[in-house]
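Peer 1: One file is attached below, entry_38.cif, containing mmCIF, C-alpha atoms.
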data_target
#
loop_
_atom_site.group_PDB
_atom_site.id
_atom_site.type_symbol
_atom_site.label_atom_id
_atom_site.label_comp_id
_atom_site.auth_asym_id
_atom_site.auth_seq_id
_atom_site.Cartn_x
_atom_site.Cartn_y
_atom_site.Cartn_z
ATOM 1 C CA MET E 1 65.285 122.651 69.564
ATOM 2 C CA SER E 2 64.199 123.046 65.963
ATOM 3 C CA SER E 3 60.689 121.884 65.052
ATOM 4 C CA SER E 4 59.825 118.968 62.820
ATOM 5 C CA LEU E 5 58.107 119.633 59.503
ATOM 6 C CA ALA E 6 55.339 117.443 60.898
ATOM 7 C CA PRO E 7 53.928 118.746 64.218
ATOM 8 C CA GLU E 8 52.862 115.202 65.154
ATOM 9 C CA CYS E 9 56.539 114.157 65.133
ATOM 10 C CA ASN E 10 57.766 116.971 67.405
ATOM 11 C CA GLU E 11 57.650 114.905 70.562
ATOM 12 C CA VAL E 12 59.589 111.895 69.262
ATOM 13 C CA LYS E 13 61.989 114.231 67.461
ATOM 14 C CA GLU E 14 62.758 116.153 70.638
ATOM 15 C CA ARG E 15 63.445 112.938 72.543
ATOM 16 C CA TYR E 16 65.792 111.755 69.797
ATOM 17 C CA ASP E 17 67.513 115.157 69.414
ATOM 18 C CA SER E 18 68.217 115.364 73.148
ATOM 19 C CA CYS E 19 69.693 111.871 73.151
ATOM 20 C CA PHE E 20 71.819 112.610 70.095
ATOM 21 C CA LEU E 21 73.184 115.905 71.452
ATOM 22 C CA LYS E 22 74.188 114.264 74.709
ATOM 23 C CA TRP E 23 75.885 111.367 72.920
ATOM 24 C CA TYR E 24 77.519 113.648 70.350
ATOM 25 C CA SER E 25 78.952 116.164 72.810
ATOM 26 C CA GLU E 26 79.880 113.784 75.621
ATOM 27 C CA LYS E 27 81.068 110.778 73.653
ATOM 28 C CA TYR E 28 81.535 111.216 69.911
ATOM 29 C CA LEU E 29 83.459 114.484 70.158
ATOM 30 C CA ARG E 30 85.719 112.930 72.769
ATOM 31 C CA GLY E 31 86.529 110.062 70.438
ATOM 32 C CA LYS E 32 84.523 107.558 72.466
ATOM 33 C CA GLY E 33 81.389 107.200 70.384
ATOM 34 C CA THR E 34 81.719 104.244 68.065
ATOM 35 C CA THR E 35 78.096 103.115 68.193
ATOM 36 C CA ASP E 36 74.892 105.104 67.948
ATOM 37 C CA GLU E 37 73.254 104.888 71.362
ATOM 38 C CA CYS E 38 70.090 106.648 70.221
ATOM 39 C CA ALA E 39 69.115 104.106 67.547
ATOM 40 C CA ALA E 40 65.904 103.034 69.293
ATOM 41 C CA LEU E 41 64.689 106.623 69.648
ATOM 42 C CA PHE E 42 65.655 107.337 66.053
ATOM 43 C CA LYS E 43 63.535 104.393 64.920
ATOM 44 C CA ASP E 44 60.436 105.919 66.548
ATOM 45 C CA TYR E 45 61.188 109.336 65.075
ATOM 46 C CA LYS E 46 61.893 107.937 61.617
ATOM 47 C CA HIS E 47 58.679 105.914 61.675
ATOM 48 C CA CYS E 48 56.707 109.113 62.277
ATOM 49 C CA LEU E 49 58.737 111.183 59.805
ATOM 50 C CA THR E 50 58.571 108.650 56.961
ATOM 51 C CA ARG E 51 54.782 108.713 57.114
ATOM 52 C CA ALA E 52 54.776 112.535 57.180
ATOM 53 C CA LEU E 53 57.129 112.760 54.191
ATOM 54 C CA LYS E 54 54.866 110.407 52.263
ATOM 55 C CA GLU E 55 51.683 112.304 53.147
ATOM 56 C CA ARG E 56 53.234 115.563 51.968
ATOM 57 C CA GLY E 57 54.689 114.099 48.769
ATOM 58 C CA ILE E 58 58.217 114.944 49.904
ATOM 59 C CA ASP E 59 59.331 111.321 49.532
ATOM 60 C CA ARG E 60 58.682 111.678 45.791
ATOM 61 C CA MET E 61 60.710 114.895 45.726
ATOM 62 C CA LEU E 62 63.632 113.097 47.371
ATOM 63 C CA GLU E 63 63.334 110.304 44.841
ATOM 64 C CA GLU E 64 63.154 112.813 41.957
ATOM 65 C CA ALA E 65 66.273 114.546 43.231
ATOM 66 C CA ARG E 66 68.120 111.273 42.833
ATOM 67 C CA GLU E 67 66.492 110.515 39.459
ATOM 68 C CA GLY E 68 67.142 114.065 38.279
ATOM 69 C CA SER E 69 70.868 113.707 38.639
ATOM 70 C CA ARG E 70 70.754 110.377 36.800
ATOM 71 C CA GLU E 71 68.700 111.943 33.989
ATOM 72 C CA ASN E 72 71.266 114.714 33.591
ATOM 73 C CA ASP E 73 74.127 112.277 33.452
ATOM 74 C CA ALA E 74 72.350 110.327 30.739
ATOM 75 C CA ALA E 75 71.660 113.499 28.755
ATOM 76 C CA ASN E 76 75.266 114.628 29.059
ATOM 77 C CA LEU E 77 76.536 111.257 27.885
ATOM 78 C CA ARG E 78 74.230 111.371 24.864
ATOM 79 C CA ARG E 79 75.483 114.819 23.922
ATOM 80 C CA LYS E 80 79.049 113.563 23.739
ATOM 81 C CA CYS E 81 78.188 110.738 21.307
ATOM 82 C CA MET A 1 75.490 127.821 32.824
ATOM 83 C CA VAL A 2 77.348 127.082 36.001
ATOM 84 C CA LYS A 3 78.415 129.818 38.319
ATOM 85 C CA PHE A 4 80.694 129.587 41.311
ATOM 86 C CA PHE A 5 80.981 131.613 44.424
ATOM 87 C CA GLU A 6 83.729 130.949 46.907
ATOM 88 C CA SER A 7 84.640 132.389 50.279
ATOM 89 C CA SER A 8 86.659 131.415 53.299
ATOM 90 C CA TYR A 9 86.377 132.284 56.934
ATOM 91 C CA THR A 10 87.882 131.341 60.285
ATOM 92 C CA TYR A 11 85.727 130.843 63.363
ATOM 93 C CA ASP A 12 87.426 131.734 66.617
ATOM 94 C CA TYR A 13 86.014 128.548 68.136
ATOM 95 C CA SER A 14 87.234 124.979 68.389
ATOM 96 C CA PHE A 15 86.313 122.362 65.805
ATOM 97 C CA PRO A 16 84.035 120.350 68.174
ATOM 98 C CA ALA A 17 82.136 123.528 69.089
ATOM 99 C CA VAL A 18 81.683 124.491 65.426
ATOM 100 C CA THR A 19 80.307 121.063 64.475
ATOM 101 C CA LEU A 20 77.892 121.174 67.405
ATOM 102 C CA ALA A 21 76.795 124.673 66.393
ATOM 103 C CA TYR A 22 76.288 123.418 62.833
ATOM 104 C CA PHE A 23 73.788 120.811 64.057
ATOM 105 C CA LEU A 24 72.163 123.361 66.365
ATOM 106 C CA ARG A 25 72.192 126.386 64.078
ATOM 107 C CA TYR A 26 68.411 126.547 63.574
ATOM 108 C CA PRO A 27 66.600 128.378 64.995
ATOM 109 C CA ASN A 28 68.721 131.469 65.516
ATOM 110 C CA PRO A 29 67.803 135.174 65.258
ATOM 111 C CA TYR A 30 69.078 135.306 61.658
ATOM 112 C CA SER A 31 67.162 132.255 60.460
ATOM 113 C CA THR A 32 63.513 133.157 60.959
ATOM 114 C CA HIS A 33 62.828 131.877 57.416
ATOM 115 C CA VAL A 34 63.797 128.329 58.457
ATOM 116 C CA LEU A 35 60.575 126.656 59.549
ATOM 117 C CA SER A 36 61.707 123.143 60.408
ATOM 118 C CA THR A 37 64.656 120.757 60.478
ATOM 119 C CA ASP A 38 64.451 116.959 60.403
ATOM 120 C CA VAL A 39 67.000 114.155 60.400
ATOM 121 C CA ILE A 40 66.259 111.667 57.617
ATOM 122 C CA ASP A 41 69.253 109.426 58.152
ATOM 123 C CA ARG A 42 72.296 109.188 60.396
ATOM 124 C CA SER A 43 75.068 106.590 60.551
ATOM 125 C CA ILE A 44 78.657 105.977 61.581
ATOM 126 C CA ASP A 45 80.849 104.272 59.011
ATOM 127 C CA SER A 46 83.691 101.806 59.600
ATOM 128 C CA GLN A 47 86.206 104.675 59.851
ATOM 129 C CA GLY A 48 84.178 106.292 62.618
ATOM 130 C CA ARG A 49 82.824 109.106 60.438
ATOM 131 C CA LEU A 50 79.399 110.440 61.301
ATOM 132 C CA LYS A 51 77.157 110.979 58.287
ATOM 133 C CA THR A 52 73.893 112.898 58.653
ATOM 134 C CA LEU A 53 71.142 113.589 56.134
ATOM 135 C CA ARG A 54 68.743 116.383 57.086
ATOM 136 C CA ILE A 55 65.878 118.204 55.425
ATOM 137 C CA HIS A 56 65.113 121.864 56.161
ATOM 138 C CA ARG A 57 61.871 123.603 55.274
ATOM 139 C CA LYS A 58 62.224 127.281 54.456
ATOM 140 C CA SER A 59 59.753 129.981 53.588
ATOM 141 C CA SER A 60 61.026 131.786 50.566
ATOM 142 C CA ARG A 61 60.117 134.728 48.443
ATOM 143 C CA LEU A 62 61.110 134.692 44.834
ATOM 144 C CA PRO A 63 62.717 138.036 44.072
ATOM 145 C CA PRO A 64 60.499 140.238 41.864
ATOM 146 C CA ALA A 65 63.316 140.365 39.308
ATOM 147 C CA VAL A 66 63.126 136.577 38.925
ATOM 148 C CA LEU A 67 59.324 136.558 38.850
ATOM 149 C CA LYS A 68 59.375 138.911 35.881
ATOM 150 C CA LEU A 69 61.613 136.529 33.951
ATOM 151 C CA LEU A 70 59.496 133.440 34.433
ATOM 152 C CA PRO A 71 56.639 132.354 32.207
ATOM 153 C CA LYS A 72 53.282 131.823 33.964
ATOM 154 C CA SER A 73 53.334 128.116 33.110
ATOM 155 C CA VAL A 74 56.452 127.645 35.227
ATOM 156 C CA LEU A 75 55.192 129.594 38.205
ATOM 157 C CA GLY A 76 52.165 127.364 38.795
ATOM 158 C CA ASN A 77 50.807 127.800 42.294
ATOM 159 C CA VAL A 78 53.041 130.565 43.535
ATOM 160 C CA SER A 79 51.043 133.543 44.687
ATOM 161 C CA GLY A 80 52.823 136.832 45.177
ATOM 162 C CA GLY A 81 56.150 135.027 44.919
ATOM 163 C CA ARG A 82 55.688 133.412 48.309
ATOM 164 C CA SER A 83 56.362 129.731 48.686
ATOM 165 C CA GLU A 84 57.972 127.081 50.820
ATOM 166 C CA SER A 85 60.945 125.099 49.739
ATOM 167 C CA TYR A 86 62.933 122.158 50.971
ATOM 168 C CA ILE A 87 66.691 121.932 51.339
ATOM 169 C CA LEU A 88 68.532 118.612 51.566
ATOM 170 C CA GLU A 89 71.697 118.753 53.663
ATOM 171 C CA THR A 90 74.417 116.100 53.925
ATOM 172 C CA SER A 91 77.216 116.346 56.458
ATOM 173 C CA THR A 92 80.171 114.068 57.165
ATOM 174 C CA ILE A 93 82.313 114.539 60.241
ATOM 175 C CA ASP A 94 85.675 112.945 60.951
ATOM 176 C CA VAL A 95 86.448 113.870 64.528
ATOM 177 C CA LYS A 96 89.862 112.182 64.539
ATOM 178 C CA GLU A 97 91.127 113.989 61.449
ATOM 179 C CA GLY A 98 89.255 117.139 62.412
ATOM 180 C CA TRP A 99 87.144 117.913 59.362
ATOM 181 C CA MET A 100 83.500 118.266 58.403
ATOM 182 C CA HIS A 101 82.198 118.349 54.829
ATOM 183 C CA THR A 102 78.681 119.539 54.129
ATOM 184 C CA GLU A 103 76.529 119.853 51.040
ATOM 185 C CA SER A 104 73.142 121.557 50.778
ATOM 186 C CA LYS A 105 70.878 121.699 47.761
ATOM 187 C CA ASN A 106 67.324 122.703 46.975
ATOM 188 C CA LEU A 107 64.851 119.884 46.420
ATOM 189 C CA ASP A 108 62.146 121.829 44.632
ATOM 190 C CA TRP A 109 62.318 124.631 42.059
ATOM 191 C CA THR A 110 65.196 122.724 40.497
ATOM 192 C CA GLY A 111 63.680 123.269 37.048
ATOM 193 C CA ILE A 112 64.300 126.988 37.521
ATOM 194 C CA LEU A 113 67.457 127.071 39.578
ATOM 195 C CA SER A 114 69.666 124.522 41.296
ATOM 196 C CA VAL A 115 71.831 125.829 44.081
ATOM 197 C CA VAL A 116 74.446 123.581 45.647
ATOM 198 C CA GLU A 117 76.413 124.879 48.604
ATOM 199 C CA LYS A 118 79.448 122.955 49.795
ATOM 200 C CA GLN A 119 81.425 123.681 52.925
ATOM 201 C CA GLU A 120 84.709 122.257 54.145
ATOM 202 C CA TYR A 121 85.423 122.838 57.799
ATOM 203 C CA GLN A 122 88.910 122.103 59.065
ATOM 204 C CA ARG A 123 90.265 122.026 62.602
ATOM 205 C CA ARG A 124 93.187 124.383 63.176
ATOM 206 C CA VAL A 125 95.211 123.795 66.297
ATOM 207 C CA PRO A 126 98.233 125.811 67.346
ATOM 208 C CA ASP A 127 101.471 123.845 66.791
ATOM 209 C CA ASN A 128 102.250 123.526 70.483
ATOM 210 C CA GLU A 129 98.909 121.879 71.291
ATOM 211 C CA GLY A 130 99.524 118.832 69.154
ATOM 212 C CA ASP A 131 96.676 116.354 69.025
ATOM 213 C CA ASP A 132 94.742 117.797 71.925
ATOM 214 C CA PHE A 133 91.222 118.466 70.780
ATOM 215 C CA SER A 134 89.703 119.581 74.028
ATOM 216 C CA VAL A 135 86.647 121.758 73.473
ATOM 217 C CA ALA A 136 88.491 124.981 74.272
ATOM 218 C CA ALA A 137 91.404 124.562 71.883
ATOM 219 C CA GLY A 138 92.064 126.087 68.483
ATOM 220 C CA THR A 139 90.098 127.720 65.694
ATOM 221 C CA THR A 140 88.136 126.325 62.745
ATOM 222 C CA GLY A 141 88.518 127.304 59.121
ATOM 223 C CA VAL A 142 85.756 126.960 56.554
ATOM 224 C CA ILE A 143 85.718 127.229 52.778
ATOM 225 C CA THR A 144 82.297 127.727 51.228
ATOM 226 C CA THR A 145 81.586 127.075 47.554
ATOM 227 C CA VAL A 146 78.230 127.769 45.951
ATOM 228 C CA MET A 147 77.277 126.574 42.511
ATOM 229 C CA PHE A 148 74.257 127.850 40.570
ATOM 230 C CA ARG A 149 72.684 126.333 37.562
ATOM 231 C CA SER A 150 69.556 127.578 35.885
ATOM 232 C CA ARG A 151 68.049 124.717 33.932
ATOM 233 C CA LEU A 152 65.067 126.630 32.677
ATOM 234 C CA GLY A 153 64.169 125.097 29.326
ATOM 235 C CA ASP A 154 66.738 122.290 29.507
ATOM 236 C CA ARG A 155 64.115 119.606 29.983
ATOM 237 C CA LEU A 156 62.017 120.817 27.055
ATOM 238 C CA ARG A 157 65.134 121.024 24.939
ATOM 239 C CA ALA A 158 66.152 117.470 25.842
ATOM 240 C CA ARG A 159 62.659 116.234 25.032
ATOM 241 C CA ALA A 160 62.680 118.065 21.703
ATOM 242 C CA ASN A 161 66.003 116.521 20.757
ATOM 243 C CA ARG A 162 64.675 113.040 21.361
ATOM 244 C CA LYS A 163 61.617 113.468 19.110
ATOM 245 C CA ASP A 164 63.487 113.980 15.868
ATOM 246 C CA GLU A 165 60.754 112.435 13.744
ATOM 247 C CA VAL A 166 58.207 115.128 14.598
ATOM 248 C CA LYS A 167 60.173 117.683 12.630
ATOM 249 C CA GLU A 168 57.910 120.692 12.566
ATOM 250 C CA GLU A 169 57.201 120.642 16.254
ATOM 251 C CA VAL A 170 60.866 120.241 16.986
ATOM 252 C CA GLU A 171 61.861 123.158 14.769
ATOM 253 C CA GLU A 172 59.303 125.320 16.467
ATOM 254 C CA LYS A 173 60.468 124.357 19.931
ATOM 255 C CA LYS A 174 64.116 124.643 19.023
ATOM 256 C CA SER A 175 63.805 128.194 17.781
ATOM 257 C CA PHE A 176 61.671 129.144 20.750
ATOM 258 C CA LEU A 177 64.174 127.704 23.195
ATOM 259 C CA ALA A 178 67.141 129.031 21.273
ATOM 260 C CA SER A 179 65.817 132.554 21.567
ATOM 261 C CA TRP A 180 65.077 131.881 25.195
ATOM 262 C CA SER A 181 68.634 130.919 26.027
ATOM 263 C CA THR A 182 70.248 133.648 23.942
ATOM 264 C CA SER A 183 68.082 136.211 25.695
ATOM 265 C CA GLY A 184 70.067 135.240 28.757
ATOM 266 C CA ILE A 185 67.234 134.382 31.102
ATOM 267 C CA GLN A 186 69.254 131.574 32.599
ATOM 268 C CA ARG A 187 72.225 133.834 33.113
ATOM 269 C CA SER A 188 70.043 136.556 34.629
ATOM 270 C CA ILE A 189 68.522 134.153 37.135
ATOM 271 C CA GLU A 190 71.979 132.932 38.055
ATOM 272 C CA ALA A 191 73.216 136.484 38.525
ATOM 273 C CA ILE A 192 70.301 137.429 40.774
ATOM 274 C CA ALA A 193 70.717 134.247 42.804
ATOM 275 C CA SER A 194 74.412 134.960 43.142
ATOM 276 C CA ARG A 195 73.806 138.414 44.632
ATOM 277 C CA ARG A 196 71.234 137.046 47.055
ATOM 278 C CA THR A 197 73.581 134.259 48.063
ATOM 279 C CA GLU A 198 76.325 136.662 49.104
ATOM 280 C CA ASN A 199 73.820 138.340 51.379
ATOM 281 C CA GLN A 200 72.516 134.998 52.696
ATOM 282 C CA LEU A 201 75.988 133.613 53.379
ATOM 283 C CA GLY A 202 76.705 136.605 55.613
ATOM 284 C CA LYS A 203 73.533 135.920 57.559
ATOM 285 C CA SER A 204 74.208 132.224 58.034
ATOM 286 C CA LYS A 205 77.688 133.066 59.340
ATOM 287 C CA GLU A 206 76.164 135.546 61.816
ATOM 288 C CA GLY A 207 73.679 132.864 62.878
ATOM 289 C CA MET A 208 76.481 130.382 63.515
ATOM 290 C CA LYS A 209 78.307 132.982 65.598
ATOM 291 C CA VAL A 210 75.235 133.597 67.775
ATOM 292 C CA VAL A 211 74.926 129.851 68.453
ATOM 293 C CA LEU A 212 78.680 129.538 69.121
ATOM 294 C CA GLU A 213 78.624 132.426 71.578
ATOM 295 C CA ARG A 214 75.688 130.847 73.445
ATOM 296 C CA LEU A 215 77.624 127.588 73.541
ATOM 297 C CA ARG A 216 80.693 129.337 74.946
ATOM 298 C CA SER A 217 78.851 131.261 77.632
ATOM 299 C CA GLY A 218 76.129 128.819 78.637
ATOM 300 C CA GLY A 219 77.072 125.418 77.243
ATOM 301 C CA LEU A 220 74.476 123.154 75.657
ATOM 302 C CA VAL A 221 71.821 124.397 78.085
ATOM 303 C CA GLY A 222 72.542 127.969 77.017
ATOM 304 C CA VAL A 223 72.061 127.076 73.344
ATOM 305 C CA LEU A 224 68.774 125.259 73.969
ATOM 306 C CA GLU A 225 67.478 128.133 76.087
ATOM 307 C CA GLY A 226 68.408 130.605 73.337
ATOM 308 C CA MET A 227 66.614 128.428 70.772
ATOM 309 C CA ARG A 228 63.479 128.379 72.868
ATOM 310 C CA ARG A 229 63.482 132.193 72.963
ATOM 311 C CA ASP A 230 64.098 132.421 69.206
ATOM 312 C CA ARG A 231 61.183 130.096 68.553
ATOM 313 C CA GLU A 232 58.862 132.153 70.709
ATOM 314 C CA MET A 233 59.980 135.322 68.959
ATOM 315 C CA ALA A 234 59.468 133.781 65.530
ATOM 316 C CA PHE A 235 55.966 132.617 66.414
ATOM 317 C CA SER A 236 54.870 135.916 67.923
ATOM 318 C CA GLY A 237 56.327 137.772 64.950
ATOM 319 C CA GLU A 238 58.291 140.128 67.132
ATOM 320 C CA SER A 239 61.666 139.314 65.714
ATOM 321 C CA VAL A 240 63.723 142.453 65.334
ATOM 322 C CA PHE A 241 65.689 140.808 62.571
ATOM 323 C CA LYS A 242 64.493 141.155 59.043
ATOM 324 C CA ARG A 243 63.248 138.063 57.269
ATOM 325 C CA GLY A 244 65.729 136.852 54.683
#
Could you write out this file's structure as structure tokens?

Peer 2:
Amino acid sequence: MSSSLAPECNEVKERYDSCFLKWYSEKYLRGKGTTDECAALFKDYKHCLTRALKERGIDRMLEEAREGSRENDAANLRRKC
Amino acid sequence: MVKFFESSYTYDYSFPAVTLAYFLRYPNPYSTHVLSTDVIDRSIDSQGRLKTLRIHRKSSRLPPAVLKLLPKSVLGNVSGGRSESYILETSTIDVKEGWMHTESKNLDWTGILSVVEKQEYQRRVPDNEGDDFSVAAGTTGVITTVMFRSRLGDRLRARANRKDEVKEEVEEKKSFLASWSTSGIQRSIEAIASRRTENQLGKSKEGMKVVLERLRSGGLVGVLEGMRRDREMAFSGESVFKRG
């Protein structure tokens, strides 16, 4: 399995990934997966990851990526006026 | 300032297998530069489509040709052109209709170059197999589009345009930036990135094929076992494949 960007999240990530792969290949791909059965494991993983993204300043980068596209739109609109 | 690159390809594997390989494509022997992969968000919408948001961390080396073009102020903390970068990847899968749409873009370095890669995967089943999407059936087509945009100087230019009252400063900046853009730095960066992308797209296709072959011969267990070996190789630095 691929590693997490945060080594401290590797364990919870692996548990979630295994659950997801099983659900995806055995249920979703067979048209039987309408609900996410790994939600509880994802919650643990996300809890760990969110903190790691914050510590590394990546959360700001994600936010900027969204703001960046807004900024461009605004600039493009101004140019047309 | 926008450049396109388009290519199409057909995998000799079923649509379900290709989507699974897409999720499992790192690590593979051709992706030693990919350091980590995380799922930020995942949901199923009311139409049963699976939407996934992932972030990949990659080690990258700015090509010397690009380094030469960039002013020191832009380069900041890059030493010897080595750095890490983050890629944001969105994928949407509709298993009933048999398609997957993906989009990947860089999260940092966007002031220098934005690269957006879009892929459209489509299930192709032989006419006589109808709606059967058993794992062994059919092939999968993919169209890849890559868009480059060098925005070097755009931000400064936008800022300069807003401060009309400070005339002298603006004039100075305008002429500086005008000469910058006419000298074609943006276009050069886009051209270099375009050449590298062609090379990279070939590698990512090869990586997918390795994962698909493992899936065919050993199932999910075979893929995970292969991944474990790739990880060990990457950590011990004995990979026979060149870093990309």

Peer 1: Taking all atoms listed in the file into account, report as an NGL selection string which residues of chain A lie within 6 Å of chain E.

Peer 2: :A and (26-27 or 36-38)

Peer 1: Please write the residues picked by the PyMOL selection byres ((chain A and resi 86) around 12) on this file as an MDAnalysis selection string.

Peer 2: (chainID E and resid 5 53 56:59 61:62 65) or (chainID A and resid 33:38 54:60 83:85 87:89 104:110 115)

Peer 1: Based on the selection just made, write C-alpha atoms of those residues as a compact mmCIF listing (two decimals), in the frame of the given file.

Peer 2:
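again29.txt, freshly written:
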# COMPACT_ATOMS: atom_id res chain seq x y z
CA LEU E 5 58.11 119.63 59.50
CA LEU E 53 57.13 112.76 54.19
CA ARG E 56 53.23 115.56 51.97
CA GLY E 57 54.69 114.10 48.77
CA ILE E 58 58.22 114.94 49.90
CA ASP E 59 59.33 111.32 49.53
CA MET E 61 60.71 114.90 45.73
CA LEU E 62 63.63 113.10 47.37
CA ALA E 65 66.27 114.55 43.23
CA HIS A 33 62.83 131.88 57.42
CA VAL A 34 63.80 128.33 58.46
CA LEU A 35 60.58 126.66 59.55
CA SER A 36 61.71 123.14 60.41
CA THR A 37 64.66 120.76 60.48
CA ASP A 38 64.45 116.96 60.40
CA ARG A 54 68.74 116.38 57.09
CA ILE A 55 65.88 118.20 55.42
CA HIS A 56 65.11 121.86 56.16
CA ARG A 57 61.87 123.60 55.27
CA LYS A 58 62.22 127.28 54.46
CA SER A 59 59.75 129.98 53.59
CA SER A 60 61.03 131.79 50.57
CA SER A 83 56.36 129.73 48.69
CA GLU A 84 57.97 127.08 50.82
CA SER A 85 60.94 125.10 49.74
CA ILE A 87 66.69 121.93 51.34
CA LEU A 88 68.53 118.61 51.57
CA GLU A 89 71.70 118.75 53.66
CA SER A 104 73.14 121.56 50.78
CA LYS A 105 70.88 121.70 47.76
CA ASN A 106 67.32 122.70 46.98
CA LEU A 107 64.85 119.88 46.42
CA ASP A 108 62.15 121.83 44.63
CA TRP A 109 62.32 124.63 42.06
CA THR A 110 65.20 122.72 40.50
CA VAL A 115 71.83 125.83 44.08

Peer 1: What is the CA of Lys68 in chain A to CA of Ser31 in chain A distance in Å?

Peer 2: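 These two atoms are separated by 26.6 Å.
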
Peer 1: Translate the PyMOL selection byres ((chain A and resi 222-235) around 8) into a concrete residue list for this structure, as a ChimeraX atom specification.

Peer 2: /E:1-2 /A:24,26-29,32,211,214-215,217-221,236-239

Peer 1: Keeping C-alpha atoms, export the residues of the selection given above as a compact mmCIF listing (two decimals), in the frame of the given file.

Peer 2:
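Heads up, here's the output in part_20.txt:
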# COMPACT_ATOMS: atom_id res chain seq x y z
CA MET E 1 65.28 122.65 69.56
CA SER E 2 64.20 123.05 65.96
CA LEU A 24 72.16 123.36 66.36
CA TYR A 26 68.41 126.55 63.57
CA PRO A 27 66.60 128.38 65.00
CA ASN A 28 68.72 131.47 65.52
CA PRO A 29 67.80 135.17 65.26
CA THR A 32 63.51 133.16 60.96
CA VAL A 211 74.93 129.85 68.45
CA ARG A 214 75.69 130.85 73.44
CA LEU A 215 77.62 127.59 73.54
CA SER A 217 78.85 131.26 77.63
CA GLY A 218 76.13 128.82 78.64
CA GLY A 219 77.07 125.42 77.24
CA LEU A 220 74.48 123.15 75.66
CA VAL A 221 71.82 124.40 78.08
CA SER A 236 54.87 135.92 67.92
CA GLY A 237 56.33 137.77 64.95
CA GLU A 238 58.29 140.13 67.13
CA SER A 239 61.67 139.31 65.71

Peer 1: In Å, how far is it from CA of Asp45 in chain A to CA of Glu103 in chain A?

Peer 2: 18.0 Å

Peer 1: List, as a PDB file with C-alpha atoms, in the frame of the given file, every residue that the PyMOL selection byres ((chain A and resi 203) around 12) selects in the file provided.

Peer 2:
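Contents of the output file result17.pdb:
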ATOM      1  CA  ARG A  25      72.192 126.386  64.078  1.00  0.00           C
ATOM      2  CA  ASN A  28      68.721 131.469  65.516  1.00  0.00           C
ATOM      3  CA  PRO A  29      67.803 135.174  65.258  1.00  0.00           C
ATOM      4  CA  TYR A  30      69.078 135.306  61.658  1.00  0.00           C
ATOM      5  CA  SER A  31      67.162 132.255  60.460  1.00  0.00           C
ATOM      6  CA  THR A  32      63.513 133.157  60.959  1.00  0.00           C
ATOM      7  CA  HIS A  33      62.828 131.877  57.416  1.00  0.00           C
ATOM      8  CA  ARG A 196      71.234 137.046  47.055  1.00  0.00           C
ATOM      9  CA  THR A 197      73.581 134.259  48.063  1.00  0.00           C
ATOM     10  CA  GLU A 198      76.325 136.662  49.104  1.00  0.00           C
ATOM     11  CA  ASN A 199      73.820 138.340  51.379  1.00  0.00           C
ATOM     12  CA  GLN A 200      72.516 134.998  52.696  1.00  0.00           C
ATOM     13  CA  LEU A 201      75.988 133.613  53.379  1.00  0.00           C
ATOM     14  CA  GLY A 202      76.705 136.605  55.613  1.00  0.00           C
ATOM     15  CA  SER A 204      74.208 132.224  58.034  1.00  0.00           C
ATOM     16  CA  LYS A 205      77.688 133.066  59.340  1.00  0.00           C
ATOM     17  CA  GLU A 206      76.164 135.546  61.816  1.00  0.00           C
ATOM     18  CA  GLY A 207      73.679 132.864  62.878  1.00  0.00           C
ATOM     19  CA  MET A 208      76.481 130.382  63.515  1.00  0.00           C
ATOM     20  CA  LYS A 209      78.307 132.982  65.598  1.00  0.00           C
ATOM     21  CA  VAL A 210      75.235 133.597  67.775  1.00  0.00           C
ATOM     22  CA  PHE A 241      65.689 140.808  62.571  1.00  0.00           C
ATOM     23  CA  LYS A 242      64.493 141.155  59.043  1.00  0.00           C
ATOM     24  CA  ARG A 243      63.248 138.063  57.269  1.00  0.00           C
ATOM     25  CA  GLY A 244      65.729 136.852  54.683  1.00  0.00           C
TER      26      GLY A 244
END

Peer 1: Expressed in Å to a single decimal, how great is the separation between CA of Tyr121 in chain A and CA of Leu41 in chain E?

Peer 2: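 Going from CA of Tyr121 in chain A over to CA of Leu41 in chain E, I get 28.9 Å.
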
Peer 1: Which of these, A:Phe15, A:Leu20, A:Arg42, A:Glu213, has the shortest distance to Glu26 in chain E once you count all atoms listed in the file?

Peer 2: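 Looking only at the distances to Glu26 in chain E, the closest residue turns out to be A:Leu20.
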
Peer 1: Which residue gives the smallest distance to Pro64 in chain A among A:Ile192, A:Val18, A:Val116, A:Ile93, with all atoms listed in the file counted?

Peer 2: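 Closest to Pro64 in chain A, using all atoms listed in the file: A:Ile192.
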
Peer 1: Which residue out of A:Ile112, A:Ile40, A:Val142, A:Met100 has the minimum interatomic distance to Lys43 in chain E when all atoms listed in the file are used?

Peer 2: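 That would be A:Ile40, the residue with the smallest distance to Lys43 in chain E.
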
Peer 1: Which of these, A:Ile185, A:Lys51, A:Trp99, A:Ser14, has the shortest distance to Thr139 in chain A once you count all atoms listed in the file?

Peer 2: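 When distances to Thr139 in chain A are compared using all atoms listed in the file, the smallest one comes from A:Ser14.
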
Peer 1: Could the centre and edge lengths of an axis-aligned box, enclosing all atoms of range 58-62 of chain E in the file with 8 Å extra on each side, be given in Å to one decimal as AutoDock Vina command-line options?

Peer 2:
--center_x 60.9 --center_y 113.1 --center_z 47.8 --size_x 21.4 --size_y 19.6 --size_z 20.2
